[in-house]
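*Asks:* Sharing my_file.cif here; it has mmCIF, C-alpha atoms.
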```cif
data_query
loop_
_atom_site.label_atom_id
_atom_site.label_comp_id
_atom_site.auth_asym_id
_atom_site.auth_seq_id
_atom_site.Cartn_x
_atom_site.Cartn_y
_atom_site.Cartn_z
CA MET A 9 -6.79 -20.67 2.85
CA ALA A 10 -3.52 -21.31 1.10
CA ARG A 11 -0.66 -19.01 1.88
CA GLY A 12 1.90 -17.78 -0.61
CA THR A 13 4.13 -14.88 -1.46
CA ASN A 14 2.58 -12.20 -3.64
CA LEU A 15 5.33 -10.88 -5.90
CA SER A 16 3.27 -8.43 -7.95
CA ALA A 17 3.85 -5.56 -5.53
CA THR A 18 7.51 -6.55 -5.16
CA ASP A 19 8.00 -6.65 -8.94
CA ALA A 20 6.34 -3.23 -9.27
CA SER A 21 8.61 -1.83 -6.57
CA HIS A 22 11.60 -3.47 -8.24
CA ASN A 23 10.70 -1.92 -11.60
CA ALA A 24 10.10 1.44 -9.92
CA PHE A 25 13.55 1.21 -8.36
CA LEU A 26 15.15 0.49 -11.73
CA ARG A 27 13.25 3.32 -13.38
CA THR A 28 14.23 5.70 -10.61
CA VAL A 29 17.92 4.80 -10.86
CA LEU A 30 17.88 4.96 -14.66
CA ARG A 31 16.03 8.28 -14.63
CA GLY A 32 18.45 9.73 -12.09
CA VAL A 33 21.55 8.61 -14.00
CA THR A 34 20.07 9.82 -17.31
CA LEU A 35 19.34 13.24 -15.83
CA PHE A 36 22.85 13.29 -14.40
CA GLY A 37 24.27 12.51 -17.85
CA ALA A 38 22.14 15.23 -19.43
CA ALA A 39 23.30 17.73 -16.80
CA LEU A 40 26.89 16.67 -17.38
CA GLY A 41 26.45 17.15 -21.12
CA PHE A 42 24.93 20.59 -20.58
CA LEU A 43 27.82 21.59 -18.33
CA LEU A 44 30.24 20.32 -20.97
CA ILE A 45 28.61 22.50 -23.65
CA LEU A 46 28.61 25.46 -21.28
CA PHE A 47 32.25 24.91 -20.39
CA ILE A 48 33.37 24.58 -24.03
CA TRP A 49 31.34 27.62 -25.04
CA ARG A 50 32.84 29.65 -22.22
CA ALA A 51 36.36 28.42 -22.99
CA GLU A 52 35.93 29.13 -26.70
CA THR A 53 34.68 32.67 -25.98
CA ARG A 54 37.57 33.30 -23.63
CA MET A 55 40.14 31.95 -26.08
CA GLU A 56 38.71 34.18 -28.81
CA VAL A 57 39.07 37.24 -26.57
CA ILE A 58 42.63 36.25 -25.67
CA SER A 59 43.47 35.75 -29.35
CA LEU A 60 41.99 39.12 -30.37
CA HIS A 61 43.72 40.92 -27.52
CA HIS A 62 47.01 39.29 -28.44
CA TRP A 63 46.66 40.47 -32.06
CA LEU A 64 45.75 43.98 -30.95
CA ASP A 65 48.64 43.99 -28.49
CA ALA A 66 51.12 42.89 -31.17
CA GLU A 67 49.99 45.55 -33.65
CA VAL A 68 50.05 48.33 -31.03
CA ASN A 69 53.49 47.35 -29.70
CA GLN A 70 54.92 47.25 -33.21
CA TYR A 71 53.51 50.72 -33.89
CA LEU A 72 54.97 52.05 -30.62
CA ARG A 73 58.41 50.67 -31.49
CA ASP A 74 58.28 52.15 -34.98
CA TYR A 75 57.09 55.49 -33.60
CA ALA A 76 59.91 55.56 -31.09
CA LYS A 77 62.47 55.11 -33.89
CA ASP A 78 61.00 57.60 -36.39
CA PRO A 79 57.65 59.26 -35.76
CA GLU A 80 57.43 60.49 -39.31
CA SER A 81 57.76 57.10 -40.97
CA ALA A 82 56.01 55.00 -38.29
CA ARG A 83 53.44 52.70 -39.89
CA THR A 84 50.02 52.60 -38.22
CA PRO A 85 48.56 49.15 -37.41
CA ASN A 86 47.64 47.05 -40.44
CA PRO A 87 45.12 49.25 -42.32
CA TYR A 88 43.55 46.16 -43.95
CA GLU A 89 42.56 44.79 -40.54
CA PHE A 90 42.35 47.85 -38.26
CA ASP A 91 40.99 51.35 -38.18
CA THR A 92 43.16 53.78 -36.21
CA TYR A 93 41.70 56.95 -34.67
CA SER A 94 43.04 59.80 -32.62
CA ASP A 95 40.65 61.36 -30.16
CA ASP A 96 40.95 64.70 -31.91
CA VAL A 97 40.57 63.48 -35.53
CA ASP A 98 37.32 61.98 -36.93
CA LEU A 99 36.60 59.93 -33.79
CA PRO A 100 33.25 58.02 -34.24
CA GLY A 101 30.57 58.90 -31.72
CA TRP A 102 30.35 55.37 -30.24
CA LEU A 103 34.07 55.57 -29.30
CA GLN A 104 33.89 58.91 -27.53
CA SER A 105 32.74 57.35 -24.24
CA TYR A 106 35.93 55.30 -23.91
CA ARG A 107 38.45 57.70 -22.36
CA ARG A 108 40.78 55.34 -20.48
CA PRO A 109 43.48 53.03 -21.87
CA GLY A 110 42.60 49.31 -22.06
CA PHE A 111 41.01 46.52 -24.08
CA TYR A 112 37.31 46.93 -24.83
CA GLU A 113 34.43 45.22 -26.56
CA HIS A 114 31.46 47.14 -27.97
CA VAL A 115 28.33 45.81 -29.70
CA LEU A 116 27.65 48.01 -32.69
CA GLY A 117 24.46 46.86 -34.40
CA SER A 118 25.06 43.26 -35.34
CA GLU A 119 28.84 43.66 -35.08
CA ASP A 120 30.81 42.85 -31.95
CA LYS A 121 33.73 45.33 -32.09
CA HIS A 122 36.99 44.63 -30.25
CA PHE A 123 39.53 47.47 -29.84
CA ARG A 124 42.31 48.88 -27.71
CA VAL A 125 42.77 52.35 -26.34
CA ILE A 126 46.31 53.63 -25.56
CA GLU A 127 47.87 56.95 -24.83
CA HIS A 128 49.17 58.45 -28.03
CA PRO A 129 52.98 58.05 -28.23
CA SER A 130 53.22 61.78 -28.97
CA GLY A 131 51.73 62.44 -25.55
CA ALA A 132 48.73 64.26 -27.03
CA GLY A 133 45.43 62.50 -26.39
CA LEU A 134 44.47 58.87 -26.99
CA LEU A 135 44.96 56.44 -29.85
CA TYR A 136 42.20 53.95 -30.76
CA VAL A 137 43.03 50.73 -32.66
CA VAL A 138 39.78 49.08 -33.80
CA PHE A 139 39.18 45.92 -35.80
CA LYS A 140 37.59 46.67 -39.16
CA ASN A 141 34.13 45.27 -39.99
CA ASP A 142 34.16 41.49 -39.53
CA ALA A 143 37.95 41.49 -39.17
CA ASP A 144 37.63 40.14 -35.63
CA ASP A 145 35.32 37.31 -36.80
CA TYR A 146 38.09 35.22 -38.27
CA LEU A 147 37.40 32.50 -35.69
CA ASP A 148 33.66 32.25 -36.45
CA GLN A 149 33.99 29.12 -38.61
CA ASP A 150 36.14 27.48 -35.98
CA GLU A 151 33.64 28.53 -33.33
CA THR A 152 30.80 26.90 -35.24
CA ARG A 153 32.76 23.67 -35.59
CA LEU A 154 33.68 23.84 -31.92
CA HIS A 155 30.05 24.37 -30.95
CA TRP A 156 28.91 21.37 -32.94
CA MET A 157 31.78 19.37 -31.52
CA SER A 158 30.73 20.31 -28.00
CA VAL A 159 27.13 19.28 -28.73
CA GLY A 160 28.35 15.98 -30.15
CA MET A 161 30.58 15.38 -27.16
CA ALA A 162 27.66 16.18 -24.85
CA LEU A 163 25.42 13.69 -26.66
CA VAL A 164 28.14 11.04 -26.57
CA THR A 165 28.65 11.73 -22.86
CA TRP A 166 24.92 11.43 -22.20
CA PHE A 167 24.72 8.20 -24.23
CA LEU A 168 27.74 6.63 -22.55
CA THR A 169 26.46 7.66 -19.13
CA SER A 170 23.05 6.10 -19.82
CA LEU A 171 24.66 2.96 -21.25
CA GLY A 172 26.94 2.72 -18.24
CA ALA A 173 23.93 3.17 -15.98
CA LEU A 174 22.10 0.34 -17.72
CA LEU A 175 25.10 -1.95 -17.39
CA LEU A 176 25.60 -0.97 -13.76
CA ILE A 177 21.92 -1.48 -12.97
CA GLY A 178 21.99 -4.86 -14.68
CA ARG A 179 25.03 -5.86 -12.66
CA LEU A 180 23.51 -4.64 -9.40
CA THR A 181 20.04 -6.07 -9.98
CA GLN A 182 21.22 -9.57 -10.79
CA PRO A 183 21.97 -10.28 -7.10
CA MET A 184 18.72 -8.51 -6.19
CA ARG A 185 16.76 -10.79 -8.53
CA SER A 186 18.53 -13.73 -6.95
CA LEU A 187 17.53 -12.40 -3.52
CA LEU A 188 13.95 -11.99 -4.74
CA SER A 189 13.85 -15.62 -5.86
CA LYS A 190 15.05 -16.65 -2.41
CA ILE A 191 12.20 -14.73 -0.80
CA THR A 192 9.82 -17.02 -2.69
CA GLN A 193 11.53 -19.95 -0.89
CA MET A 194 10.63 -18.64 2.57
CA SER A 195 7.84 -21.17 2.95
CA PRO A 196 8.81 -23.66 5.69
CA GLY A 197 8.11 -26.60 3.40
CA LYS A 198 10.72 -25.55 0.84
CA PRO A 199 14.43 -26.40 1.15
CA ASP A 200 16.89 -23.89 2.57
CA PHE A 201 18.69 -21.63 0.12
CA ALA A 202 22.40 -20.83 0.03
CA VAL A 203 23.82 -17.49 1.19
CA ASP A 204 25.89 -16.72 -1.91
CA SER A 205 25.42 -13.04 -2.81
CA PRO A 206 28.64 -11.36 -4.06
CA TYR A 207 27.89 -8.28 -1.94
CA ASP A 208 28.28 -8.19 1.83
CA GLU A 209 25.12 -6.14 2.40
CA LEU A 210 22.97 -8.59 0.44
CA ARG A 211 24.63 -11.54 2.18
CA ARG A 212 23.51 -10.06 5.49
CA ILE A 213 19.95 -9.81 4.19
CA GLU A 214 20.09 -13.40 2.93
CA SER A 215 21.45 -14.58 6.28
CA ALA A 216 18.63 -12.76 8.08
CA LEU A 217 16.06 -14.31 5.72
CA LEU A 218 17.52 -17.77 6.23
CA SER A 219 17.45 -17.33 10.02
CA SER A 220 13.84 -16.15 9.82
CA LYS A 221 12.97 -19.13 7.62
CA LYS A 222 14.43 -21.52 10.19
CA GLU A 223 12.63 -19.75 13.01
CA ILE A 224 9.34 -19.94 11.08
CA ARG A 225 9.95 -23.64 10.48
CA ARG A 226 10.52 -24.18 14.21
CA TYR A 227 7.36 -22.19 14.95
CA PHE A 228 5.29 -24.28 12.56
CA ARG A 229 6.77 -27.45 13.99
CA ARG A 230 5.79 -26.36 17.49
CA GLU A 231 2.29 -25.50 16.29
CA GLN A 232 1.93 -28.84 14.53
CA GLU A 233 3.22 -30.68 17.56
CA PHE A 234 0.79 -28.80 19.78
CA SER A 235 -2.06 -29.72 17.47
CA ARG A 236 -1.07 -33.38 17.63
CA PHE A 237 -0.64 -33.25 21.40
CA ALA A 238 -3.94 -31.43 21.84
CA SER A 239 -5.67 -33.93 19.58
CA HIS A 240 -4.41 -36.91 21.56
CA GLU A 241 -2.99 -36.05 24.96
CA ILE A 242 -5.62 -33.51 26.03
CA ARG A 243 -8.59 -35.38 24.61
CA THR A 244 -7.69 -38.60 26.46
CA PRO A 245 -8.02 -37.21 30.01
CA LEU A 246 -11.07 -35.23 28.91
CA MET A 247 -12.76 -38.42 27.79
CA VAL A 248 -11.81 -40.05 31.09
CA MET A 249 -13.36 -37.13 32.99
CA ARG A 250 -16.51 -37.25 30.88
CA GLY A 251 -16.81 -40.97 31.45
CA SER A 252 -16.37 -40.48 35.19
CA VAL A 253 -19.05 -37.77 35.18
CA ASP A 254 -21.43 -40.13 33.39
CA ILE A 255 -20.74 -42.82 36.02
CA LEU A 256 -21.23 -40.34 38.87
CA SER A 257 -24.47 -39.15 37.33
CA ALA A 258 -25.78 -42.73 37.27
CA LEU A 259 -24.88 -43.37 40.92
CA PRO A 260 -27.26 -42.35 43.71
CA LEU A 261 -25.89 -39.09 45.15
CA GLU A 262 -28.02 -37.86 48.00
CA GLU A 263 -26.54 -34.43 48.65
CA PRO A 264 -27.57 -31.52 46.36
CA ALA A 265 -24.02 -30.20 46.58
CA ALA A 266 -22.79 -33.42 44.99
CA HIS A 267 -25.21 -32.95 42.10
CA ARG A 268 -24.00 -29.38 41.64
CA ALA A 269 -20.36 -30.52 41.70
CA VAL A 270 -21.06 -33.16 39.07
CA ALA A 271 -22.86 -30.56 36.95
CA ARG A 272 -19.92 -28.16 37.21
CA ILE A 273 -17.46 -30.90 36.26
CA ASP A 274 -19.69 -31.79 33.31
CA ASP A 275 -19.83 -28.13 32.19
CA ALA A 276 -16.07 -27.78 32.57
CA CYS A 277 -15.44 -30.89 30.49
CA HIS A 278 -17.89 -29.69 27.87
CA GLU A 279 -16.16 -26.31 27.71
CA MET A 280 -12.66 -27.84 27.52
CA VAL A 281 -13.74 -30.06 24.64
CA LEU A 282 -15.29 -27.05 22.93
CA LEU A 283 -12.18 -24.86 23.38
CA THR A 284 -9.84 -27.64 22.28
CA GLU A 285 -11.80 -28.15 19.06
CA LEU A 286 -12.03 -24.39 18.56
CA PHE A 287 -8.30 -23.70 18.89
CA LEU A 288 -7.39 -26.68 16.73
CA ILE A 289 -9.61 -25.38 13.93
CA LEU A 290 -8.47 -21.75 14.27
CA GLY A 291 -4.84 -22.87 14.30
CA ARG A 292 -5.05 -24.44 10.83
CA ASP A 293 -4.28 -22.61 7.59
CA GLU A 294 -7.48 -23.96 6.10
CA ILE A 295 -10.73 -25.13 7.64
CA GLU A 296 -11.42 -28.50 6.09
CA THR A 297 -14.75 -28.99 4.38
CA ARG A 298 -15.63 -31.92 6.61
CA HIS A 299 -15.98 -29.55 9.58
CA PHE A 300 -18.82 -27.56 7.97
CA GLN A 301 -22.46 -28.35 8.73
CA SER A 302 -25.82 -26.60 8.52
CA VAL A 303 -26.47 -25.17 11.97
CA SER A 304 -29.80 -23.83 13.24
CA LEU A 305 -28.98 -20.75 15.30
CA GLU A 306 -32.31 -20.77 17.13
CA ALA A 307 -31.76 -24.34 18.39
CA LEU A 308 -28.13 -23.63 19.24
CA ILE A 309 -29.09 -20.51 21.22
CA GLY A 310 -31.73 -22.45 23.14
CA GLU A 311 -29.22 -25.17 24.02
CA MET A 312 -26.67 -22.59 25.14
CA VAL A 313 -29.16 -20.71 27.35
CA GLU A 314 -30.08 -23.96 29.10
CA ARG A 315 -26.49 -24.86 29.95
CA LEU A 316 -25.14 -21.38 30.77
CA GLU A 317 -24.93 -20.18 34.35
CA THR A 318 -26.22 -16.60 34.48
CA ASP A 319 -25.92 -15.81 38.21
CA GLY A 320 -29.64 -15.17 38.38
CA ARG A 321 -29.66 -12.72 35.45
CA ARG A 322 -32.16 -13.26 32.66
CA ILE A 323 -31.24 -13.83 29.02
CA ASP A 324 -33.93 -12.32 26.81
CA VAL A 325 -33.88 -14.06 23.42
CA THR A 326 -35.74 -12.52 20.47
CA VAL A 327 -35.87 -14.45 17.19
CA ASN A 328 -37.23 -12.32 14.34
CA ALA A 329 -36.30 -14.82 11.64
CA ALA A 330 -35.08 -18.39 11.65
CA GLN A 331 -31.49 -18.48 10.56
CA THR A 332 -29.43 -21.45 9.39
CA VAL A 333 -25.72 -21.01 8.70
CA TYR A 334 -23.23 -23.38 7.13
CA VAL A 335 -20.28 -23.38 9.52
CA PRO A 336 -18.28 -25.70 11.77
CA PRO A 337 -20.67 -26.14 14.74
CA VAL A 338 -17.82 -25.74 17.24
CA LEU A 339 -17.08 -22.23 15.91
CA MET A 340 -20.72 -21.20 16.17
CA LYS A 341 -21.01 -22.60 19.69
CA ALA A 342 -17.85 -20.80 20.78
CA LEU A 343 -19.06 -17.54 19.20
CA LEU A 344 -22.43 -17.65 21.00
CA ARG A 345 -20.88 -18.78 24.27
CA ASN A 346 -18.21 -16.08 24.30
CA LEU A 347 -20.60 -13.28 23.37
CA THR A 348 -23.01 -14.23 26.13
CA ARG A 349 -20.40 -15.03 28.80
CA ASN A 350 -18.69 -11.71 28.07
CA ALA A 351 -21.98 -9.92 28.71
CA ILE A 352 -22.48 -11.85 31.94
CA ILE A 353 -18.95 -11.30 33.30
CA HIS A 354 -18.34 -7.70 32.23
CA GLY A 355 -21.87 -6.28 32.20
CA SER A 356 -24.81 -5.87 34.53
CA GLY A 357 -28.54 -6.46 34.32
CA ASP A 358 -30.34 -8.66 31.83
CA ILE A 359 -28.78 -9.77 28.54
CA HIS A 360 -30.76 -9.12 25.35
CA LEU A 361 -29.98 -11.44 22.47
CA ASN A 362 -31.62 -10.66 19.13
CA LEU A 363 -31.51 -12.91 16.04
CA SER A 364 -32.71 -11.51 12.74
CA GLU A 365 -32.36 -12.70 9.17
CA ASP A 366 -28.74 -11.59 8.72
CA THR A 367 -27.51 -10.48 12.12
CA LEU A 368 -27.02 -11.63 15.67
CA SER A 369 -26.75 -8.92 18.32
CA VAL A 370 -26.11 -9.01 22.07
CA ARG A 371 -26.57 -5.99 24.31
CA ASN A 372 -26.38 -5.44 28.04
CA ALA A 373 -25.92 -2.62 30.52
CA MET A 374 -22.29 -1.88 31.31
CA ALA A 375 -21.12 -2.54 34.83
CA GLU A 376 -20.66 0.61 36.91
CA THR A 377 -17.19 -0.55 37.94
CA ASP A 378 -16.14 -1.03 34.33
CA THR A 379 -14.35 2.30 33.70
CA THR A 380 -11.75 0.97 31.25
CA SER A 381 -12.28 -0.25 27.74
CA GLN A 382 -10.16 -3.33 28.47
CA GLY A 383 -13.06 -4.72 30.55
CA PHE A 384 -14.64 -6.22 27.44
CA GLY A 385 -12.61 -9.40 28.00
CA PHE A 386 -10.74 -11.82 25.77
CA GLY A 387 -14.02 -13.44 24.73
CA LEU A 388 -14.58 -10.72 22.14
CA VAL A 389 -11.12 -11.24 20.70
CA ILE A 390 -11.97 -14.91 20.14
CA VAL A 391 -15.26 -13.88 18.54
CA GLU A 392 -13.36 -11.48 16.30
CA ARG A 393 -10.99 -14.24 15.15
CA ILE A 394 -13.90 -16.57 14.41
CA CYS A 395 -15.62 -13.87 12.33
CA GLU A 396 -12.40 -13.19 10.44
CA ARG A 397 -12.06 -16.86 9.49
CA LEU A 398 -15.72 -17.12 8.41
CA GLY A 399 -15.81 -13.81 6.54
CA TRP A 400 -18.39 -12.20 8.82
CA ARG A 401 -18.41 -8.63 10.06
CA PHE A 402 -18.13 -8.09 13.81
CA THR A 403 -18.81 -4.69 15.37
CA VAL A 404 -18.93 -3.47 18.95
CA PHE A 405 -19.98 -0.08 20.32
CA ARG A 406 -21.42 1.73 23.35
CA GLU A 407 -24.76 3.46 23.26
CA ALA A 408 -26.88 4.96 26.08
CA GLY A 409 -25.00 3.14 28.82
CA GLU A 410 -25.24 -0.20 27.03
CA PHE A 411 -22.62 -2.30 25.34
CA HIS A 412 -23.57 -3.73 21.92
CA ALA A 413 -21.91 -6.57 20.01
CA GLN A 414 -23.20 -7.54 16.57
CA VAL A 415 -22.30 -10.23 14.03
CA ASP A 416 -23.35 -9.67 10.42
CA PHE A 417 -23.58 -13.05 8.66
CA ALA A 418 -24.26 -11.52 5.23
CA SER A 419 -21.04 -9.47 5.16
CA SER A 420 -18.13 -10.80 3.17
CA GLY A 421 -15.69 -8.48 4.88
CA SER A 422 -13.53 -9.61 7.75
CA ALA A 423 -12.73 -6.25 9.28
CA SER A 424 -13.59 -5.73 12.90
CA GLU A 425 -14.21 -2.51 14.72
CA LEU A 426 -13.11 -3.90 18.08
CA ASP A 427 -9.91 -1.87 18.21
CA GLN A 428 -11.79 1.30 17.34
CA ALA A 429 -14.29 0.60 20.11
CA TYR A 430 -11.42 0.18 22.56
CA GLN A 431 -10.03 3.56 21.54
CA ASP A 432 -13.42 5.23 21.92
#
```
Represent the structure from my file as structure tokens, please.
*Replies:*
Amino acid sequence: MARGTNLSATDASHNAFLRTVLRGVTLFGAALGFLLILFIWRAETRMEVISLHHWLDAEVNQYLRDYAKDPESARTPNPYEFDTYSDDVDLPGWLQSYRRPGFYEHVLGSEDKHFRVIEHPSGAGLLYVVFKNDADDYLDQDETRLHWMSVGMALVTWFLTSLGALLLIGRLTQPMRSLLSKITQMSPGKPDFAVDSPYDELRRIESALLSSKKEIRRYFRREQEFSRFASHEIRTPLMVMRGSVDILSALPLEEPAAHRAVARIDDACHEMVLLTELFLILGRDEIETRHFQSVSLEALIGEMVERLETDGRRIDVTVNAAQTVYVPPVLMKALLRNLTRNAIIHGSGDIHLNLSEDTLSVRNAMAETDTTSQGFGFGLVIVERICERLGWRFTVFREAGEFHAQVDFASSGSASELDQAYQD
């Protein structure tokens, strides 16, 4: 299968990052605008109170000075702006609770009354200087303008913050987009890219990517060289050994031990050829079409049973339906050989091999000495890899003291439950 870099998830993450940053900065700008409105409103309210208190203070001080000069002719605070009360003459009921000197504010209906209470200069009782109706609202028009100004300033602040965020994100994401394009050049067959990010952190990432790219290229080169060496250097001595076995088989060897030795050499050569072909095919990105053939599983199983040494244990083969699969024969041979050899090496008793229309299963009693799950052997790992490449489902499990391994030819999934069986 061809390998490539899938950028859809990366683009989605990249967009999510931009949206997150933009959303965060926008919320920050909105919060800043809200705080600006709150600050201006608070400052405006405080300045109004200071202004009203200053006016009250000026009127009261002027009255006290005039009273000190001539009590009879002293003019009370501006009667057009203020109402003046003594606590013993016509004092309104809402003022009667204020019995200590100071500045006060009282909400009377819809009117917010500001006033000052002082000790009467005559020494008898208290004097109340109160703004007349709406007299202390002289700043209302300015307050309204100030409120609208604060809202406008908040909106401008929010807009400028968002615009600045967009510009900043654009400036920051340009190197990130450049880095993303370099990730697409990680394939060993593509030329190296330059480490040219304007930011030190991104340059470190680019340097790490470039180092990884070079390491991957060296890895692929080693794998390709191994494939070439295995194709030529290993096959040559194997062919010499096979030729020698053929010659020895044709010569008259009297001793039975000699015949057994020749048979073992022949089996070893056959297995080395099989494993070499297997690993060469599994090591490729794609399995070439020329390797695929129609393989009869029943015939292949019969051939395997004849050649396999079982240490006196019987292999019980049950064929419920003839099955022909279109696969590289070497993969099918390795799959059958590893399943059966694993049962022989790591199990006990007879091996039961069952072939149905869509599945191949192998079961055997587990050896009493096999107390660890790692006793299944590397053969099952090879079987798992073969099934992954062919799109078959491979499952293993224990049941009633027996170990079961099953290959489902009809499944298009490549997941294996081997790791789960190990954990169980």
*Asks:* Applying the PyMOL selection byres ((chain A and resi 307) around 12) to the file I just gave you, which residues come out? Please list them as a PyMOL selection string.
*Replies:* chain A and resi 302-306+308-314+325+327+330-333+337+340-341+344+363
*Asks:* Taking all atoms of stretch 121-138 of chain A that the file lists, what box with edges along x, y and z, padded by 5 Å per side, do you get, with centre and edge lengths in Å to one decimal, as lines of an AutoDock Vina configuration file?
*Replies:*
```
center_x = 43.5
center_y = 54.4
center_z = -29.3
size_x = 29.5
size_y = 29.6
size_z = 19.0
```
*Asks:* Between atom CA of A:Ser94 and atom CA of A:Ile126, what is the distance in Å, rounded to a tenth?
*Replies:*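 Atom-to-atom, atom CA of A:Ser94 and atom CA of A:Ile126 are spaced 9.9 Å apart.
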*Asks:* I'd like the neighbourhood of stretch 73-80 of chain A as a list in words, where a residue qualifies if any of its atoms comes within 12 Å (using all atoms listed in the file), though same-chain residues fewer than 3 positions away should be ignored.
*Replies:*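 Near stretch 73-80 of chain A, the qualifying residues are Ala66, Glu67, Val68, Asn69, Gln70, Arg83, Thr84, Pro85, His128, Pro129, Ser130 and Gly131 of chain A.
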*Asks:* What is the atom CA of A:Ile359 to atom CA of A:Asn372 distance in Å?
*Replies:* 5.0 Å
*Asks:* For A:Gly357, find every residue with an atom within 10 Å (counting only C-alpha atoms), except residues of its own chain fewer than 4 positions away, and show them as an NGL selection string.
*Replies:* :A and (320-323 or 351-352 or 372-375)
*Asks:* Just the residues within 12 Å of A:Asp254, please, counting only C-alpha atoms, with nothing from its chain fewer than 3 positions along; format it as a list in words.
*Replies:*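 Within the cut-off, the hits are Met247, Val248, Met249, Arg250, Gly251, Ser257, Ala258, Leu259, His267, Val270, Ala271, Ile273, Asp274 and Cys277 of chain A.
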*Asks:* Of the candidates A:Leu175, A:Ile213, A:Met280, A:Val137, which one gets nearest to A:Leu187 if we count all atoms listed in the file?
*Replies:*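 Checking each candidate against A:Leu187, we get A:Ile213 as the closest.
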*Asks:* When you draw a straight line from atom CA of A:Val164 to atom CA of A:Gly41, how long is it in Å?
*Replies:*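 Atom CA of A:Gly41 lies at a distance of 8.4 Å from atom CA of A:Val164.
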*Asks:* Neighbouring residues of A:Asn346 were defined as those with any atom within 8 Å, considering only C-alpha atoms; residues of the same chain fewer than 3 positions away were excluded. Please report them as a tab-separated table (two decimals) with C-alpha atoms, in the frame of the given file.
*Replies:*
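Saved the output as out-v8.tsv:
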```tsv
chain	number	residue	atom	x	y	z
A	342	ALA	CA	-17.85	-20.80	20.78
A	343	LEU	CA	-19.06	-17.54	19.20
A	349	ARG	CA	-20.40	-15.03	28.80
A	350	ASN	CA	-18.69	-11.71	28.07
A	387	GLY	CA	-14.02	-13.44	24.73
A	388	LEU	CA	-14.58	-10.72	22.14
A	390	ILE	CA	-11.97	-14.91	20.14
A	391	VAL	CA	-15.26	-13.88	18.54
```
*Asks:* Compare A:Arg406, A:Arg124, A:Arg229, A:His412 by their minimum atom-to-atom distance to A:Tyr106, counting only C-alpha atoms, and give me the closest one.
*Replies:*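 Going through A:Arg406, A:Arg124, A:Arg229, A:His412 one by one, the smallest distance to A:Tyr106 is for A:Arg124.
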*Asks:* Is it possible to add N, CA, C and O atoms to stretch 210-219 of chain A and hand it back as an mmCIF file, in the frame of the given file?
*Replies:*
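Once everything was written out, this is result.cif:
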```cif
data_model
loop_
_atom_site.group_PDB
_atom_site.id
_atom_site.type_symbol
_atom_site.label_atom_id
_atom_site.label_comp_id
_atom_site.auth_asym_id
_atom_site.auth_seq_id
_atom_site.Cartn_x
_atom_site.Cartn_y
_atom_site.Cartn_z
ATOM 1 N N LEU A 210 24.004 -7.641 0.830
ATOM 2 C CA LEU A 210 22.970 -8.590 0.440
ATOM 3 C C LEU A 210 23.149 -9.924 1.155
ATOM 4 O O LEU A 210 22.166 -10.613 1.443
ATOM 5 N N ARG A 211 24.400 -10.297 1.428
ATOM 6 C CA ARG A 211 24.630 -11.540 2.180
ATOM 7 C C ARG A 211 24.023 -11.435 3.580
ATOM 8 O O ARG A 211 23.488 -12.408 4.115
ATOM 9 N N ARG A 212 24.116 -10.245 4.170
ATOM 10 C CA ARG A 212 23.510 -10.060 5.490
ATOM 11 C C ARG A 212 21.995 -10.217 5.414
ATOM 12 O O ARG A 212 21.373 -10.811 6.303
ATOM 13 N N ILE A 213 21.400 -9.667 4.355
ATOM 14 C CA ILE A 213 19.950 -9.810 4.190
ATOM 15 C C ILE A 213 19.590 -11.278 3.992
ATOM 16 O O ILE A 213 18.623 -11.790 4.590
ATOM 17 N N GLU A 214 20.362 -11.978 3.155
ATOM 18 C CA GLU A 214 20.090 -13.400 2.930
ATOM 19 C C GLU A 214 20.243 -14.200 4.217
ATOM 20 O O GLU A 214 19.440 -15.109 4.490
ATOM 21 N N SER A 215 21.254 -13.879 5.007
ATOM 22 C CA SER A 215 21.450 -14.580 6.280
ATOM 23 C C SER A 215 20.265 -14.335 7.215
ATOM 24 O O SER A 215 19.780 -15.257 7.887
ATOM 25 N N ALA A 216 19.780 -13.069 7.244
ATOM 26 C CA ALA A 216 18.630 -12.760 8.080
ATOM 27 C C ALA A 216 17.388 -13.505 7.601
ATOM 28 O O ALA A 216 16.597 -14.020 8.412
ATOM 29 N N LEU A 217 17.202 -13.577 6.268
ATOM 30 C CA LEU A 217 16.060 -14.310 5.720
ATOM 31 C C LEU A 217 16.150 -15.798 6.061
ATOM 32 O O LEU A 217 15.147 -16.428 6.422
ATOM 33 N N LEU A 218 17.356 -16.348 5.942
ATOM 34 C CA LEU A 218 17.520 -17.770 6.230
ATOM 35 C C LEU A 218 17.254 -18.053 7.713
ATOM 36 O O LEU A 218 16.607 -19.048 8.058
ATOM 37 N N SER A 219 17.723 -17.156 8.589
ATOM 38 C CA SER A 219 17.450 -17.330 10.020
ATOM 39 C C SER A 219 15.954 -17.234 10.299
ATOM 40 O O SER A 219 15.410 -18.022 11.093
#
```
